[in-house]
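Okay, start.cif now, which holds mmCIF, C-alpha atoms and all ligand atoms:
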```
data_target
loop_
_atom_site.label_atom_id
_atom_site.label_comp_id
_atom_site.auth_asym_id
_atom_site.auth_seq_id
_atom_site.Cartn_x
_atom_site.Cartn_y
_atom_site.Cartn_z
CA MET Y 30 -6.07 -2.85 -8.79
CA LEU Y 31 -3.33 -5.47 -8.53
CA GLU Y 32 -2.88 -8.59 -10.55
CA LEU Y 33 -0.27 -11.30 -10.18
CA ASP Y 34 0.29 -13.06 -13.46
CA ASN Y 35 2.14 -16.38 -13.28
CA LEU Y 36 4.36 -15.07 -10.53
CA THR Y 37 7.18 -17.37 -9.46
CA LYS Y 38 9.88 -17.10 -6.81
CA SER Y 39 12.46 -19.85 -6.45
CA PHE Y 40 14.94 -20.25 -3.65
CA GLY Y 41 17.41 -22.75 -5.04
CA GLY Y 42 15.32 -25.80 -5.85
CA LEU Y 43 12.31 -24.61 -3.86
CA GLN Y 44 9.42 -22.87 -5.64
CA ALA Y 45 8.15 -20.76 -2.76
CA VAL Y 46 5.71 -19.08 -5.16
CA ASP Y 47 4.81 -21.24 -8.11
CA ASN Y 48 3.14 -19.73 -11.17
CA CYS Y 49 0.73 -17.86 -8.96
CA SER Y 50 -2.03 -15.79 -10.54
CA LEU Y 51 -4.52 -13.77 -8.54
CA LYS Y 52 -6.31 -10.42 -8.44
CA ILE Y 53 -6.80 -7.91 -5.67
CA GLU Y 54 -9.76 -5.67 -6.39
CA ALA Y 55 -9.84 -1.98 -5.54
CA GLY Y 56 -11.85 -1.02 -2.46
CA LYS Y 57 -11.93 -4.51 -1.00
CA ILE Y 58 -10.28 -6.19 1.95
CA THR Y 59 -8.83 -9.36 0.49
CA GLY Y 60 -7.66 -12.09 2.83
CA LEU Y 61 -4.67 -14.23 1.89
CA ILE Y 62 -4.55 -17.42 3.90
CA GLY Y 63 -2.87 -20.80 3.74
CA PRO Y 64 -0.70 -23.10 5.80
CA ASN Y 65 2.78 -22.19 7.04
CA GLY Y 66 5.22 -21.97 4.15
CA ALA Y 67 2.48 -21.51 1.52
CA GLY Y 68 4.28 -18.45 0.15
CA LYS Y 69 2.16 -15.62 1.58
CA THR Y 70 4.98 -13.49 2.96
CA THR Y 71 7.08 -14.10 -0.14
CA ILE Y 72 4.23 -12.73 -2.26
CA PHE Y 73 4.04 -9.63 -0.05
CA ASN Y 74 7.81 -9.21 -0.33
CA MET Y 75 7.56 -9.18 -4.11
CA ILE Y 76 4.57 -6.81 -4.23
CA ALA Y 77 6.32 -4.41 -1.86
CA GLY Y 78 9.55 -4.56 -3.84
CA ALA Y 79 11.63 -6.22 -1.13
CA MET Y 80 12.26 -9.27 -3.31
CA LYS Y 81 12.55 -9.67 -7.07
CA PRO Y 82 10.35 -12.31 -8.70
CA THR Y 83 12.09 -15.13 -10.54
CA SER Y 84 9.48 -14.76 -13.29
CA GLY Y 85 5.98 -13.49 -13.90
CA ARG Y 86 4.30 -10.10 -13.77
CA ILE Y 87 2.88 -7.86 -11.06
CA LEU Y 88 0.39 -5.48 -12.64
CA PHE Y 89 -0.56 -2.49 -10.52
CA GLN Y 90 -3.22 -0.29 -12.07
CA GLY Y 91 -2.32 -1.86 -15.38
CA GLU Y 92 1.45 -1.32 -15.23
CA ASP Y 93 3.99 -4.12 -14.71
CA ILE Y 94 5.89 -3.20 -11.57
CA ALA Y 95 7.63 -6.54 -10.95
CA GLY Y 96 11.18 -6.09 -9.72
CA LEU Y 97 10.94 -2.36 -8.96
CA PRO Y 98 12.56 -1.30 -5.69
CA THR Y 99 10.60 -0.59 -2.50
CA HIS Y 100 10.59 3.19 -2.83
CA GLU Y 101 9.07 2.91 -6.30
CA MET Y 102 6.28 0.75 -4.92
CA PHE Y 103 5.82 3.17 -2.07
CA HIS Y 104 5.66 6.04 -4.52
CA ARG Y 105 2.78 4.33 -6.30
CA GLY Y 106 0.90 3.94 -3.02
CA ILE Y 107 1.76 0.35 -2.15
CA VAL Y 108 2.50 0.34 1.55
CA ARG Y 109 3.37 -2.54 3.77
CA THR Y 110 3.27 -2.29 7.53
CA PHE Y 111 6.23 -3.34 9.58
CA GLN Y 112 6.83 -3.76 13.24
CA ILE Y 113 7.98 -0.45 14.71
CA PRO Y 114 11.74 -0.61 14.19
CA HIS Y 115 13.66 -1.14 17.39
CA GLU Y 116 15.39 2.23 17.31
CA PHE Y 117 12.04 4.00 16.96
CA GLY Y 118 11.08 2.75 20.41
CA LYS Y 119 12.96 5.71 21.83
CA LEU Y 120 10.86 8.14 19.82
CA THR Y 121 7.47 9.26 21.07
CA VAL Y 122 4.26 8.04 19.50
CA LEU Y 123 3.79 11.40 17.77
CA GLU Y 124 7.37 11.39 16.49
CA ASN Y 125 6.93 7.89 15.10
CA LEU Y 126 4.21 9.26 12.83
CA MET Y 127 6.06 12.45 12.00
CA VAL Y 128 9.14 10.63 10.69
CA VAL Y 129 7.18 8.60 8.14
CA PRO Y 130 6.96 11.08 5.24
CA ALA Y 131 10.65 12.07 5.33
CA ASP Y 132 11.67 8.53 6.12
CA GLN Y 133 9.91 6.79 3.29
CA THR Y 134 9.36 9.11 0.38
CA GLY Y 135 13.08 9.41 -0.21
CA GLU Y 136 13.03 13.15 0.51
CA ASN Y 137 15.95 14.24 2.58
CA LEU Y 138 16.66 17.05 4.93
CA PHE Y 139 18.82 18.94 2.41
CA TYR Y 140 15.63 20.04 0.78
CA GLY Y 141 15.02 22.00 3.97
CA LEU Y 142 18.45 23.49 4.50
CA PHE Y 143 18.07 25.74 1.48
CA THR Y 144 14.49 26.76 2.11
CA PRO Y 145 14.06 27.30 5.87
CA GLY Y 146 10.55 28.75 5.65
CA ALA Y 147 9.37 25.74 3.70
CA VAL Y 148 10.69 23.42 6.39
CA GLN Y 149 8.66 25.04 9.14
CA LYS Y 150 5.56 24.99 6.99
CA ARG Y 151 6.10 21.35 6.10
CA GLU Y 152 6.74 20.39 9.69
CA ASP Y 153 3.50 22.10 10.76
CA GLU Y 154 1.58 20.20 8.09
CA VAL Y 155 3.11 16.88 9.08
CA ARG Y 156 2.42 17.54 12.76
CA ALA Y 157 -1.23 18.37 12.02
CA LEU Y 158 -1.60 15.17 10.01
CA ALA Y 159 0.07 13.14 12.77
CA GLU Y 160 -2.28 14.60 15.39
CA GLU Y 161 -5.29 13.89 13.22
CA THR Y 162 -4.03 10.32 12.80
CA LEU Y 163 -3.68 9.90 16.57
CA GLU Y 164 -7.28 11.06 17.02
CA PHE Y 165 -8.40 8.45 14.52
CA LEU Y 166 -6.41 5.77 16.32
CA THR Y 167 -7.70 6.92 19.73
CA LEU Y 168 -4.07 7.18 20.82
CA THR Y 169 -4.00 10.94 21.48
CA HIS Y 170 -3.55 10.41 25.22
CA LEU Y 171 -0.32 8.51 24.45
CA LYS Y 172 1.20 10.96 21.98
CA ASP Y 173 4.19 11.85 24.17
CA GLU Y 174 4.77 8.30 25.38
CA LEU Y 175 7.82 6.43 24.07
CA ALA Y 176 6.72 3.90 21.46
CA GLU Y 177 8.55 1.10 23.29
CA ASN Y 178 6.15 1.51 26.22
CA LEU Y 179 3.04 0.72 24.15
CA SER Y 180 1.30 -2.63 24.41
CA GLY Y 181 1.54 -5.06 21.49
CA GLY Y 182 -1.90 -4.06 20.26
CA GLN Y 183 -1.24 -0.33 20.57
CA LYS Y 184 1.92 -0.83 18.53
CA LYS Y 185 -0.18 -2.46 15.81
CA LEU Y 186 -2.49 0.55 15.79
CA LEU Y 187 0.54 2.80 15.45
CA GLU Y 188 1.85 0.69 12.57
CA LEU Y 189 -1.47 1.12 10.82
CA GLY Y 190 -1.29 4.84 11.63
CA ARG Y 191 2.05 5.07 9.87
CA THR Y 192 0.29 4.15 6.61
CA MET Y 193 -2.06 7.11 7.17
CA MET Y 194 0.90 9.49 6.94
CA THR Y 195 1.35 8.44 3.30
CA ASP Y 196 -0.75 8.43 0.15
CA ALA Y 197 -1.47 4.76 0.56
CA LYS Y 198 -3.69 3.05 -1.98
CA LEU Y 199 -2.93 -0.62 -1.39
CA VAL Y 200 -1.99 -1.61 2.15
CA LEU Y 201 -0.43 -5.01 2.84
CA LEU Y 202 -0.83 -6.31 6.39
CA ASP Y 203 1.14 -9.42 7.38
CA GLU Y 204 -0.40 -11.01 10.48
CA PRO Y 205 -1.78 -7.82 12.04
CA GLY Y 206 -3.59 -9.85 14.71
CA ALA Y 207 -0.54 -11.68 16.07
CA GLY Y 208 -0.11 -11.01 19.77
CA VAL Y 209 -3.01 -8.55 20.01
CA ASN Y 210 -5.60 -8.89 22.79
CA PRO Y 211 -9.26 -9.38 21.79
CA THR Y 212 -10.37 -5.83 22.66
CA LEU Y 213 -7.65 -4.16 20.62
CA LEU Y 214 -8.12 -6.73 17.87
CA LYS Y 215 -11.70 -5.56 17.49
CA GLN Y 216 -10.54 -1.96 17.44
CA LEU Y 217 -7.89 -2.77 14.84
CA GLY Y 218 -10.54 -4.45 12.70
CA ASN Y 219 -12.77 -1.38 12.94
CA MET Y 220 -9.91 0.91 11.94
CA ILE Y 221 -9.18 -1.23 8.90
CA ARG Y 222 -12.83 -1.11 7.89
CA ARG Y 223 -12.99 2.66 8.38
CA LEU Y 224 -9.81 3.22 6.35
CA LYS Y 225 -11.40 1.27 3.55
CA GLU Y 226 -14.68 3.17 3.74
CA GLU Y 227 -13.50 6.70 4.55
CA ARG Y 228 -10.19 6.81 2.70
CA GLY Y 229 -10.79 4.28 -0.02
CA TYR Y 230 -7.88 2.06 0.95
CA THR Y 231 -7.59 -1.37 -0.59
CA PHE Y 232 -6.25 -3.99 1.81
CA CYS Y 233 -4.64 -7.37 1.49
CA ILE Y 234 -4.32 -9.16 4.80
CA VAL Y 235 -2.31 -12.27 5.64
CA GLU Y 236 -3.58 -13.70 8.90
CA HIS Y 237 -3.78 -17.01 10.73
CA ASP Y 238 -6.67 -15.84 12.95
CA MET Y 239 -9.58 -17.23 10.95
CA ASP Y 240 -12.18 -15.28 12.92
CA MET Y 241 -10.45 -12.04 12.05
CA ILE Y 242 -10.32 -13.07 8.38
CA ALA Y 243 -14.00 -14.10 8.45
CA SER Y 244 -15.13 -10.81 9.97
CA LEU Y 245 -13.03 -8.52 7.75
CA CYS Y 246 -12.23 -10.11 4.45
CA ASP Y 247 -14.18 -10.66 1.27
CA PRO Y 248 -12.91 -12.34 -0.81
CA VAL Y 249 -10.50 -14.79 0.74
CA ILE Y 250 -7.76 -16.37 -1.37
CA VAL Y 251 -6.31 -19.68 -0.18
CA LEU Y 252 -2.71 -20.34 -1.06
CA ASN Y 253 -1.07 -23.73 -0.90
CA GLU Y 254 2.44 -24.66 -1.99
CA GLY Y 255 2.94 -21.38 -3.78
CA SER Y 256 -0.23 -21.14 -5.81
CA VAL Y 257 -3.94 -20.48 -5.42
CA LEU Y 258 -5.93 -23.45 -4.16
CA THR Y 259 -9.31 -21.74 -4.16
CA GLN Y 260 -10.97 -18.39 -3.44
CA GLY Y 261 -14.32 -16.95 -2.51
CA LYS Y 262 -16.30 -16.01 0.56
CA MET Y 263 -14.81 -17.22 3.83
CA GLU Y 264 -17.96 -19.16 4.72
CA ASP Y 265 -17.56 -21.22 1.54
CA VAL Y 266 -13.79 -21.46 1.64
CA ARG Y 267 -13.69 -22.83 5.17
CA LYS Y 268 -16.03 -25.68 4.21
CA ASP Y 269 -13.89 -26.68 1.23
CA GLU Y 270 -12.38 -30.15 1.70
CA ARG Y 271 -9.23 -29.20 -0.18
CA VAL Y 272 -8.65 -26.32 2.20
CA LEU Y 273 -9.05 -28.55 5.22
CA ASP Y 274 -6.67 -31.08 3.69
CA ALA Y 275 -4.07 -28.40 2.94
CA TYR Y 276 -4.11 -27.21 6.54
CA LEU Y 277 -4.07 -30.68 7.99
CA GLY Y 278 -1.33 -31.72 5.57
CA GLY Y 279 0.69 -28.76 6.71
CA GLY Y 280 0.36 -29.95 10.29
CA GLU Y 281 -1.61 -26.89 11.33
CA GLU Y 282 -5.02 -26.50 12.90
CA ALA Y 283 -7.89 -26.67 10.41
CA ALA Y 284 -9.41 -23.49 9.05
N1 LIG L 301 14.78 -15.84 1.90
C1 LIG L 301 14.45 -17.12 1.77
N2 LIG L 301 15.38 -18.05 1.43
C2 LIG L 301 15.05 -19.35 1.27
N3 LIG L 301 13.81 -19.83 1.45
C3 LIG L 301 12.85 -18.97 1.80
C4 LIG L 301 13.11 -17.58 1.98
N4 LIG L 301 11.96 -16.96 2.32
C5 LIG L 301 11.02 -17.91 2.35
N5 LIG L 301 11.54 -19.12 2.05
C6 LIG L 301 10.79 -20.39 1.93
O1 LIG L 301 9.72 -20.18 1.04
C7 LIG L 301 8.55 -20.85 1.48
C8 LIG L 301 7.44 -19.85 1.64
O2 LIG L 301 7.71 -19.02 2.76
P1 LIG L 301 6.79 -17.82 3.22
O3 LIG L 301 7.48 -17.12 4.31
O4 LIG L 301 6.40 -17.02 2.05
O5 LIG L 301 5.52 -18.60 3.79
P2 LIG L 301 4.22 -18.03 4.54
O6 LIG L 301 3.05 -18.47 3.75
O7 LIG L 301 4.38 -16.58 4.80
O8 LIG L 301 4.26 -18.87 5.89
P3 LIG L 301 3.85 -18.43 7.40
O9 LIG L 301 2.36 -18.57 7.49
O10 LIG L 301 4.53 -19.46 8.23
O11 LIG L 301 4.34 -17.04 7.65
C9 LIG L 301 8.94 -21.58 2.76
O12 LIG L 301 9.25 -22.90 2.44
C10 LIG L 301 10.15 -20.81 3.24
O13 LIG L 301 10.99 -21.64 4.00
MG MG L 302 4.52 -15.43 6.53
#
```

Output the file's structure as structure tokens, nothing else.
Amino acid sequence: MLELDNLTKSFGGLQAVDNCSLKIEAGKITGLIGPNGAGKTTIFNMIAGAMKPTSGRILFQGEDIAGLPTHEMFHRGIVRTFQIPHEFGKLTVLENLMVVPADQTGENLFYGLFTPGAVQKREDEVRALAEETLEFLTLTHLKDELAENLSGGQKKLLELGRTMMTDAKLVLLDEPGAGVNPTLLKQLGNMIRRLKEERGYTFCIVEHDMDMIASLCDPVIVLNEGSVLTQGKMEDVRKDERVLDAYLGGGEEAA
């Protein structure tokens, strides 16, 4: 589905991503791991269009999309989750889902001003989709709650829910497990699995929680100093000496 071909991103003299080549296969949940500063978030930024590569190609379904802006990536079904923006805290949970389509597809409200009937119809459709999404997330009981009152884990579920308001194909999750309690973490994992199975999503997940990676991801790609160190099944990867060295060298706990 997605292929990085000799992708490089330099910041001054630093090669944050260094001639990196890897593949993300359709219908899989690929884990992207590696020590702090390995280049994981920078790769996500380039895939999502938030940063332009210095060189190299990003092939999505065979087409080179490197350097296209965020909305073009979004249009193609590449969606990256973000923390609920601060100002959205004052919107309800339901509203947070309902703003996604207008917010991110680049459509604006003018479209509605000239065709009032169409607006009502569209709003009804979006509301129905948002309610269906809340059912899936088991957040229906919180639909009228302000988003800022949700727990950290519930916010993560809502972030994932925002992808369900779009025609997502490839979903990029950057540290979805951070700050989430074990019960919700399990629920989040199940949602990710179900989205893969029931909706055919392809995921790429950056995560430092190795148990979460082990339970969800196959394959796992290990990044170190901007390029791929090794890849394979988590059970094999975590035994690899080079992976242990990379983590220890980076001053972080071993995988
Ligand atoms: N905008 C930027 N300007 C300059 N340097 C940057 C910028 N963004 C990232 N870097 C540097 O690029 C390298 C890779 O950073 P990146 O955030 O991609 O790492 P990461 O693998 O996501 O790490 P972590 O696990 O800590 O989130 C780091 O050395 C970082 O300091
Ligand atoms: Mg990062």

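Using only C-alpha atoms, the shortest contact distance between Lys52 of chain Y and any of Y:Arg223, Y:Lys81, Y:Lys119, Y:Arg86 is found at Y:Arg86.
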
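Atom CA of Pro248 of chain Y is found 5.2 Å from atom CA of Lys262 of chain Y.
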
Enumerate as a PyMOL selection string the residues within 8 Å of ligand MG 302 (chain L), counting all atoms listed in the file. chain Y and resi 65-66+68-71+203-204+235

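With only the atoms specified (only C-alpha atoms) counting, those residues at most 9 Å away from (0.4, -0.2, 11.7) are Arg109, Thr110, Phe111, Gln112, Ile113, Lys184, Lys185, Leu186, Leu187, Glu188, Leu189, Gly190, Arg191, Thr192, Met193, Leu202 and Pro205 of chain Y.
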
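Distances from Y:Ile62, Y:Met127, Y:Ile94, Y:Leu51 to Val249 of chain Y were compared using only C-alpha atoms, and the smallest one belongs to Y:Ile62.
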
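In this model, the gap between atom CA of Ala79 of chain Y and atom CA of Asp34 of chain Y comes to 18.1 Å.
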
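Here atom CA of Lys57 of chain Y stands at a distance of 10.8 Å from atom CA of Val200 of chain Y.
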
Padding of 5 Å on every side, edges along x, y and z, all listed atoms of segment 248-263 of chain Y included: what centre and edge lengths in Å, to one decimal, does that box have, as AutoDock Vina command-line options?
```
--center_x -6.7 --center_y -18.5 --center_z -1.0 --size_x 29.2 --size_y 22.3 --size_z 19.6
```

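For the residues Y:Ile234, Y:Lys38, Y:Leu33, Y:Leu213, ranking by smallest atom-to-atom distance to ligand LIG 301 (chain L) using all atoms listed in the file places Y:Lys38 first.
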
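You can rank Y:Met263, Y:Val122, Y:Leu245, Y:Val272 by their closest distance to Leu179 of chain Y using only C-alpha atoms, and at the top of that list sits Y:Val122.
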
So which residues fall inside 8 Å of (-14.8, -20.0, -1.1) if we count only C-alpha atoms? Mind giving them as an mmCIF file with C-alpha atoms, in the coordinates of the input?
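After the write, out24.cif holds the following:
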```cif
data_model
loop_
_atom_site.group_PDB
_atom_site.id
_atom_site.type_symbol
_atom_site.label_atom_id
_atom_site.label_comp_id
_atom_site.auth_asym_id
_atom_site.auth_seq_id
_atom_site.Cartn_x
_atom_site.Cartn_y
_atom_site.Cartn_z
ATOM 1 C CA PRO Y 248 -12.910 -12.340 -0.810
ATOM 2 C CA VAL Y 249 -10.500 -14.790 0.740
ATOM 3 C CA ILE Y 250 -7.760 -16.370 -1.370
ATOM 4 C CA THR Y 259 -9.310 -21.740 -4.160
ATOM 5 C CA GLN Y 260 -10.970 -18.390 -3.440
ATOM 6 C CA GLY Y 261 -14.320 -16.950 -2.510
ATOM 7 C CA LYS Y 262 -16.300 -16.010 0.560
ATOM 8 C CA MET Y 263 -14.810 -17.220 3.830
ATOM 9 C CA GLU Y 264 -17.960 -19.160 4.720
ATOM 10 C CA ASP Y 265 -17.560 -21.220 1.540
ATOM 11 C CA VAL Y 266 -13.790 -21.460 1.640
ATOM 12 C CA ARG Y 267 -13.690 -22.830 5.170
ATOM 13 C CA LYS Y 268 -16.030 -25.680 4.210
ATOM 14 C CA ASP Y 269 -13.890 -26.680 1.230
#
```

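The residue that comes closest to ligand LIG 301 (chain L), out of Y:Glu32, Y:Asp247, Y:Asp47, Y:Asp196 and on the basis of all atoms listed in the file, is Y:Asp47.
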